[in-house]
Amino acid sequence: MKKIIILLGAIALIGCGCNKPQERTAETSALLKNLGNIDGVMYGHQDDILYGVDWWDKDDMSDVKSVVGDYPGVIGFEIGGIELADAESLDKVRFDNIRKGIVRAYEMGCVVTISWHLDNPLTGGDSWDVSSTEVVGSILAGGAKHEEYNLYLERLAAFLSSFKIEDGTAVPVLFRPYHEHTGSWFWWGKNLCTAEEYIALWRYTYEYVSARTDGNILWVYSTDRIKTAEEYLERYPGDDIIDILGFDCYQFGENSDAEYIATVRNILEIVTSEGRERGKPVVFSETGYQRIPNPEWWTQTLMKAIEGYDIGYVLTWRNAYDPERIYEHGYFAPYPGQVSADDFKRFFDSDKILFRRDLPNMYK
Ligand code: BMA
């Protein structure tokens with residue numbers, strides 16, 4: 001009997017050890033602290049150093065740098081496709097280049113954030129395949145696709161553990177999975193699973209990945225536009241696993257500046273108040289006005305939307321490179337000659353907005 005108990009104890013210990021989150025590295029703890037204390041708002045741009053309007057795969061290139069002479073303070077990277085062990089992401093960037101970009105961003109002193117538009121594990125479709133309400137249930141413990149999901153997470157964790165600089169330091173990253181879940185356009189969205197399933201998905205993912213990475217991950221919760229704190233928190237996975245509070249909100253349509261400003265300010269009121277109460281930094285994780293048709297969008301709209309709120313960064317989405325996609329998705333940061341380029345320089349010159357040159361050491 002005693003032997004059996006010891007044996008069971010040992011098995012439990014091994015099991016528990018396996019899913020124990022790795023302790024945060026010093027650089028990762030420093031980043032979290034600095035995000036909450038930074039004086040000003042960092043500007044971020046998705047995929048900034050990987051490609052831009054009419055270029056890709058070039059060293060030292062960035063649309064933002066081409067306009068203002070400096071890199072953003074925050075650089076976003078997208079890793080949809082890593083779960084399938086693909087060589088390229090869904091946006092056709094080689095994972096080797098993404099890895100290099102992440103290490104380079106860190107070495108430049110920038111902050112790295114990662115999004116994950118992973119495929120639908122039940123149907124084999126993409127993130128936007130909302131044909132089934134069974135997907136989340138199917139990948140949780142006991143579901144038909146659970147083992148497959150573990151494989152997805154295994155690959156994800158291996159990639160997140162692969163950003164090492166020469167001295168062995170693991171690059172800290174802000175990881176932002178299962179975003180915009182207050183909408184219903186992704187398979188993990190509001191009408192596609194219950195709140196319990198969504199929370200279980202997050203908690204399982206957190207446990208699995210934080211046990212198999214190097215203590216270099218900060219976890220970002222990010223809704224789409226919301227109207228109330230209840231809506232913001234309806235599917236909140238828990239203070240014990242979330243490090244940073246975020247939200248996404250884009251501007252659409254002509255003459256929508258006032259509506260955008262009011263909407264963002266209302267969300268910021270809610271989310272920054274939660275951030276203060278919970279002692280967590282707040283970030284504006286995605287925004288933009290596709291093709292930036294307003295020549296003064298940066299100072300007259302975006303800055304007015306965030307003015308007075310304590311947030312770590314605001315990130316505009318990618319400048320898609322392939323011509324078809326430019327038509328479909330557009331770009332969200334200017335390039336030389338773009339109508340908002342001069343205003344973007346004023347945005348850059350503002351002492352409230354931080355680019356790479358303005359950052360303190362974020363990792364100390
Ligand atoms: C979306 C669009 C898609 C892209 C995805 C992941 O918002 O830009 O074209 O594949 O993000 O980067």
# chains A, B, ... in the order shown; residues from 1 in each chain; ligands from 1
>>> residues_near_ligand(ligand="ligand 1", cutoff="9 Å", atoms="only C-alpha atoms and all ligand atoms", output="list in words")
Gln46, Asp47, Phe77, Glu78, Ile79, Gly80, Ser89, Leu90, Asp91, Lys92, Ser115, Trp116, His117, Trp317, Arg318, Asn319, Ala320, Arg325, Glu328, His329, Gly330 and Tyr331 of chain A
>>> residues_around(residues="stretch 167-172 of chain A", least_positions_apart="6", cutoff="7 Å", atoms="only C-alpha atoms", output="PyMOL selection string")
chain A and resi 27-28+103+106+214+216-217
>>> residues_around(residues="stretch 192-196 of chain A", least_positions_apart="3", cutoff="8 Å", atoms="only C-alpha atoms", output="PyMOL selection string")
chain A and resi 130+132-137+184+187-189+199-200+234-235
>>> atom_distance(atom1="atom CA of A:Asp322", atom2="atom CA of A:Trp56")
9.0 Å
>>> select_by_dssp(residues="stretch 59-171 of chain A", states="strand (DSSP E)", output="PyMOL selection string")
chain A and resi 74-78+111-115
>>> write_last_selection(atoms="N, CA and C atoms", output="JSON list (two decimals), in the first residue's frame")
[["chain", "number", "residue", "atom", "x", "y", "z"],
["A", 74, "VAL", "N", 7.43, 49.31, -30.52],
["A", 74, "VAL", "CA", 6.89, 47.95, -30.38],
["A", 74, "VAL", "C", 6.74, 47.36, -31.79],
["A", 75, "ILE", "N", 7.16, 46.11, -31.95],
["A", 75, "ILE", "CA", 6.97, 45.47, -33.25],
["A", 75, "ILE", "C", 6.15, 44.20, -33.05],
["A", 76, "GLY", "N", 5.07, 44.08, -33.83],
["A", 76, "GLY", "CA", 4.20, 42.91, -33.74],
["A", 76, "GLY", "C", 4.59, 41.87, -34.77],
["A", 77, "PHE", "N", 4.45, 40.59, -34.41],
["A", 77, "PHE", "CA", 4.74, 39.49, -35.34],
["A", 77, "PHE", "C", 3.56, 38.52, -35.30],
["A", 78, "GLU", "N", 3.26, 37.94, -36.45],
["A", 78, "GLU", "CA", 2.12, 37.01, -36.55],
["A", 78, "GLU", "C", 2.63, 35.61, -36.86],
["A", 111, "VAL", "N", 10.10, 46.39, -28.12],
["A", 111, "VAL", "CA", 9.25, 45.41, -27.45],
["A", 111, "VAL", "C", 8.60, 44.53, -28.53],
["A", 112, "VAL", "N", 8.52, 43.22, -28.25],
["A", 112, "VAL", "CA", 7.96, 42.28, -29.23],
["A", 112, "VAL", "C", 6.60, 41.77, -28.76],
["A", 113, "THR", "N", 5.61, 41.83, -29.66],
["A", 113, "THR", "CA", 4.32, 41.22, -29.35],
["A", 113, "THR", "C", 3.94, 40.25, -30.47],
["A", 114, "ILE", "N", 3.32, 39.14, -30.09],
["A", 114, "ILE", "CA", 3.03, 38.07, -31.05],
["A", 114, "ILE", "C", 1.53, 37.75, -31.06],
["A", 115, "SER", "N", 0.96, 37.71, -32.27],
["A", 115, "SER", "CA", -0.44, 37.29, -32.43],
["A", 115, "SER", "C", -0.46, 35.92, -33.11]]
>>> closest_residue(among="A:Ala305, A:Ile82, A:Leu153, A:Met108", to="A:Val264", atoms="only C-alpha atoms")
A:Ala305
>>> select_by_dssp(residues="stretch 9-189 of chain A", states="helix (DSSP H, G or I)", output="ChimeraX atom specification")
/A:9-18,26-37,63-68,82-84,95-107,135-139,146-160
>>> closest_residue(among="A:Leu302, A:Leu245, A:Leu268, A:Ile102", to="A:Gly36", atoms="only C-alpha atoms")
A:Leu245
>>> residues_around(residues="A:Arg357", least_positions_apart="4", cutoff="12 Å", atoms="only C-alpha atoms", output="list in words")
Met42, Tyr43, Lys65, Val68, Gly69, Asp70, Tyr71, Pro72, Gly73, Val74, Met108, Gly109, Cys110, Phe348, Asp349, Asp351, Ile353 and Asn361 of chain A
>>> closest_residue(among="A:Val314, A:Ile242, A:Ile38, A:Ile98", to="A:Leu50", atoms="only C-alpha atoms")
A:Ile98
>>> closest_residue(among="A:Ile261, A:Leu233, A:Ile226, A:Leu122", to="A:Trp298", atoms="only C-alpha atoms")
A:Ile261
>>> closest_residue(among="A:Trp202, A:Tyr363, A:Phe355, A:Trp297", to="A:Ala341", atoms="only C-alpha atoms")
A:Trp297
>>> atom_distance(atom1="atom CA of A:Thr25", atom2="atom CA of A:Leu140")
29.1 Å
>>> closest_residue(among="A:Trp185, A:Leu160, A:Asp248, A:Lys227", to="A:Asp129", atoms="only C-alpha atoms")
A:Trp185
